[in-house]
$ cat run.txt   # compact mmCIF, C-alpha atoms
# COMPACT_ATOMS: atom_id res chain seq x y z
CA MET A 233 223.86 76.58 80.08
CA PRO A 234 225.34 78.38 77.04
CA GLU A 235 226.54 81.90 77.57
CA VAL A 236 224.37 84.53 75.91
CA ILE A 237 226.36 87.26 74.22
CA GLN A 238 224.50 90.54 74.28
CA THR A 239 225.22 92.99 71.50
CA ASP A 240 224.71 96.70 71.74
CA THR A 241 221.54 96.31 69.71
CA SER A 242 220.05 93.65 71.98
CA ARG A 243 220.87 95.76 75.05
CA ALA A 244 219.25 98.78 73.42
CA VAL A 245 216.14 96.75 72.50
CA GLU A 246 215.79 95.45 76.06
CA GLN A 247 216.33 98.94 77.45
CA VAL A 248 213.55 100.37 75.26
CA VAL A 249 211.20 97.50 76.17
CA GLU A 250 211.90 98.03 79.88
CA SER A 251 211.56 101.82 79.61
CA PHE A 252 208.21 101.60 77.87
CA ALA A 253 206.82 98.50 79.62
CA GLY A 254 203.99 100.50 81.18
CA LEU A 255 203.05 102.05 77.86
CA ILE A 256 203.13 98.64 76.17
CA ARG A 257 200.93 97.11 78.88
CA ARG A 258 198.44 99.98 78.49
CA VAL A 259 198.25 99.24 74.76
CA ALA A 260 197.50 95.60 75.57
CA TRP A 261 194.89 96.64 78.12
CA ARG A 262 193.21 99.08 75.70
CA LEU A 263 192.95 96.36 73.10
CA ARG A 264 191.70 93.92 75.75
CA LEU A 265 194.55 91.47 75.37
CA GLY A 266 195.11 88.85 78.05
CA ASP A 267 198.25 88.39 80.13
CA SER A 268 199.50 85.62 77.86
CA ASP A 269 199.10 87.94 74.89
CA VAL A 270 201.30 90.57 76.54
CA ASP A 271 204.30 88.23 76.31
CA GLU A 272 203.60 87.71 72.61
CA LEU A 273 203.22 91.46 72.17
CA LEU A 274 206.56 92.13 73.90
CA GLN A 275 208.31 89.56 71.72
CA ASP A 276 206.78 90.97 68.55
CA LEU A 277 207.81 94.47 69.63
CA ARG A 278 211.39 93.29 70.18
CA ILE A 279 211.44 91.94 66.63
CA ARG A 280 210.09 95.22 65.26
CA LEU A 281 212.76 97.15 67.16
CA TRP A 282 215.45 94.84 65.73
CA HIS A 283 214.14 95.60 62.25
CA ALA A 284 214.29 99.30 63.03
CA ALA A 285 217.94 98.87 64.02
CA GLU A 286 218.61 97.06 60.74
CA ARG A 287 217.20 100.11 58.91
CA GLY A 288 219.79 102.23 60.69
CA GLU A 289 217.55 103.82 63.33
CA LYS A 290 219.10 104.50 66.72
CA ILE A 291 216.95 102.45 69.04
CA GLU A 292 218.03 104.36 72.14
CA THR A 293 216.59 107.60 70.75
CA LEU A 294 213.25 106.31 69.49
CA PRO A 295 210.40 108.51 70.73
CA ALA A 296 207.55 107.11 72.79
CA SER A 297 205.22 107.69 69.84
CA TYR A 298 207.26 105.25 67.71
CA VAL A 299 207.18 102.58 70.42
CA TYR A 300 203.47 103.18 70.97
CA GLN A 301 202.64 102.82 67.27
CA ALA A 302 204.82 99.70 67.01
CA ALA A 303 203.06 98.20 70.04
CA VAL A 304 199.60 98.99 68.64
CA SER A 305 200.59 97.53 65.29
CA ALA A 306 201.97 94.37 66.94
CA ALA A 307 198.82 94.00 69.05
CA LEU A 308 196.53 94.40 66.05
CA ASP A 309 198.58 91.86 64.12
CA SER A 310 198.12 89.47 67.04
CA ILE A 311 194.36 90.02 66.95
CA ARG A 312 194.34 89.42 63.18
CA ARG A 313 196.33 86.19 63.57
CA ARG A 314 193.92 84.98 66.23
CA ARG A 315 190.96 85.78 63.97
CA ALA A 316 192.54 83.94 61.05
CA GLN A 317 193.04 80.87 63.23
CA ARG A 318 189.34 80.81 64.09
CA HIS A 319 188.46 80.35 60.39
CA GLY A 320 185.47 82.55 60.06
CA ARG A 321 184.22 82.65 63.63
CA SER A 322 183.63 86.36 63.99
CA VAL A 323 183.87 88.52 67.09
CA PRO A 324 182.94 92.16 66.49
CA LEU A 325 186.22 93.92 65.84
CA GLU A 326 184.77 97.06 67.32
CA ASP A 327 185.04 95.35 70.74
CA HIS A 328 188.82 95.31 70.34
CA LEU A 329 189.10 98.81 68.95
CA GLU A 330 186.78 100.63 71.35
CA ASN A 331 189.62 101.94 73.49
CA VAL A 332 192.36 102.46 70.94
CA ALA A 333 193.87 105.84 71.72
CA LEU A 334 195.61 107.92 69.10
CA THR A 335 198.78 109.71 70.08
CA ALA A 336 199.40 113.41 70.23
CA ASP A 337 202.78 114.59 71.40
CA ALA A 338 204.17 111.51 73.14
CA ARG A 339 206.51 113.67 75.20
CA ASP A 340 203.53 115.23 76.97
CA PRO A 341 201.35 112.46 78.44
CA ALA A 342 198.68 114.92 79.60
CA ALA A 343 198.28 116.29 76.06
CA GLU A 344 198.25 112.75 74.69
CA ASP A 345 195.49 111.67 77.10
CA ASP A 346 193.45 114.81 76.42
CA LEU A 347 193.72 114.43 72.65
CA ALA A 348 192.91 110.73 72.89
CA ARG A 349 189.76 111.53 74.88
CA GLN A 350 188.70 114.17 72.36
CA VAL A 351 189.32 111.90 69.37
CA THR A 352 187.56 108.97 71.08
CA ALA A 353 184.57 111.20 71.87
CA ALA A 354 184.49 112.48 68.27
CA ILE A 355 184.61 108.93 66.91
CA SER A 356 181.88 107.84 69.33
CA SER A 357 179.64 110.64 68.04
CA LEU A 358 179.80 109.35 64.46
CA HIS A 359 176.81 107.60 62.93
CA GLU A 360 176.73 103.98 64.09
CA THR A 361 177.38 102.57 60.60
CA ARG A 362 180.44 104.79 60.09
CA ARG A 363 181.97 104.34 63.55
CA PRO A 364 183.45 100.81 63.20
CA VAL A 365 184.83 101.52 59.72
CA VAL A 366 186.62 104.67 60.90
CA ARG A 367 187.98 102.93 64.02
CA MET A 368 189.32 100.05 61.99
CA TYR A 369 190.86 102.37 59.40
CA LEU A 370 192.57 104.49 62.05
CA ALA A 371 193.82 101.30 63.69
CA GLY A 372 195.62 100.41 60.46
CA TYR A 373 193.28 98.04 58.67
CA PRO A 374 193.25 98.41 54.88
CA ARG A 375 189.87 99.20 53.32
CA GLU A 376 189.65 95.81 51.60
CA GLU A 377 190.19 93.94 54.88
CA ILE A 378 187.59 96.11 56.63
CA ALA A 379 185.06 95.21 53.94
CA ASP A 380 185.91 91.54 54.29
CA LEU A 381 185.75 91.52 58.09
CA LEU A 382 182.44 93.37 58.20
CA GLY A 383 180.96 91.42 55.31
CA TRP A 384 180.28 94.56 53.30
CA SER A 385 180.90 95.38 49.67
CA GLU A 386 183.98 97.41 48.84
CA ALA A 387 181.78 100.26 47.61
CA ARG A 388 179.76 100.43 50.83
CA THR A 389 182.91 100.30 52.94
CA ARG A 390 184.59 103.03 50.89
CA ASN A 391 181.51 105.24 51.05
CA LEU A 392 181.04 104.87 54.83
CA LEU A 393 184.76 105.33 55.45
CA TYR A 394 185.07 108.55 53.44
CA ARG A 395 181.90 110.01 54.93
CA GLY A 396 182.97 108.94 58.42
CA LEU A 397 186.43 110.48 58.03
CA ALA A 398 184.90 113.70 56.71
CA ASP A 399 182.54 113.79 59.72
CA LEU A 400 185.45 113.09 62.07
CA ARG A 401 187.53 115.89 60.54
CA ALA A 402 184.62 118.29 60.90
CA ARG A 403 184.02 117.34 64.54
CA LEU A 404 187.68 117.64 65.42
CA SER A 405 187.93 120.95 63.60
CA ASP A 406 184.88 122.23 65.51
CA ALA A 407 186.68 121.21 68.72
CA GLY A 408 189.75 123.21 67.64
CA ILE A 409 191.87 120.20 66.74
CA GLU A 410 193.68 120.65 63.45
CA PRO A 411 196.25 118.39 61.75

$ encode --input "run.txt" --output "structure tokens"
Amino acid sequence: MPEVIQTDTSRAVEQVVESFAGLIRRVAWRLRLGDSDVDELLQDLRIRLWHAAERGEKIETLPASYVYQAAVSAALDSIRRRRAQRHGRSVPLEDHLENVALTADARDPAAEDDLARQVTAAISSLHETRRPVVRMYLAGYPREEIADLLGWSEARTRNLLYRGLADLRARLSDAGIEP
């Protein structure tokens, strides 16, 4: 078997993946990914961390929020790839995004969980036509892709998104949550 030479970067990547394995698995669980998808998610996350190293970022000092966002992004990309492979067979995207949590201060898990619950509750209180658009937008989908996935016109999507985001801001502001 050939000897694998580990560089400082590969050690750092593996260390970050090991350190945040629980967080990464929670992302997969929240997005309802299967066990086989977790391996794909971990591999995609490793690649993203390598790219971060190429940009000059110190992998060892990346905050949990960075790893979390990278994991969510990798998971959503996996869902998008799976959808593209189905060629038009549609599963409501809202099913995948129902439990997406947004981060607060990643160094304080209690604050993160509390904020995630408040944001999730605020999103759930939106009008039913605005809710999926806002969830998808906050999960990183561009407006054009949201319109395409939901089968809506760009104008309808834009209108529901802007009204939904305004409603969400108002609800969060009423709850004392400010940017």

$ residues_around --input "run.txt" --residues "A:Arg390" --least-positions-apart "6" --cutoff "9 Å" --atoms "only C-alpha atoms" --output "ChimeraX atom specification"
/A:365,375-376,379

$ closest_residue --input "run.txt" --among "A:Ser310, A:Pro374, A:Ile291, A:Thr241" --to "A:Gln275" --atoms "all atoms listed in the file"
A:Ser310

$ closest_residue --input "run.txt" --among "A:Gln247, A:Ser357, A:Gln350, A:Ser305" --to "A:Val259" --atoms "only C-alpha atoms"
A:Ser305

$ closest_residue --input "run.txt" --among "A:Ala407, A:Asp380, A:Ser385, A:Leu392" --to "A:Pro364" --atoms "all atoms listed in the file"
A:Leu392

$ closest_residue --input "run.txt" --among "A:Lys290, A:His283, A:His359, A:Arg315" --to "A:Arg395" --atoms "all atoms listed in the file"
A:His359

$ atom_distance --input "run.txt" --atom1 "atom CA of A:Ala307" --atom2 "atom CA of A:Leu265"
8.0 Å
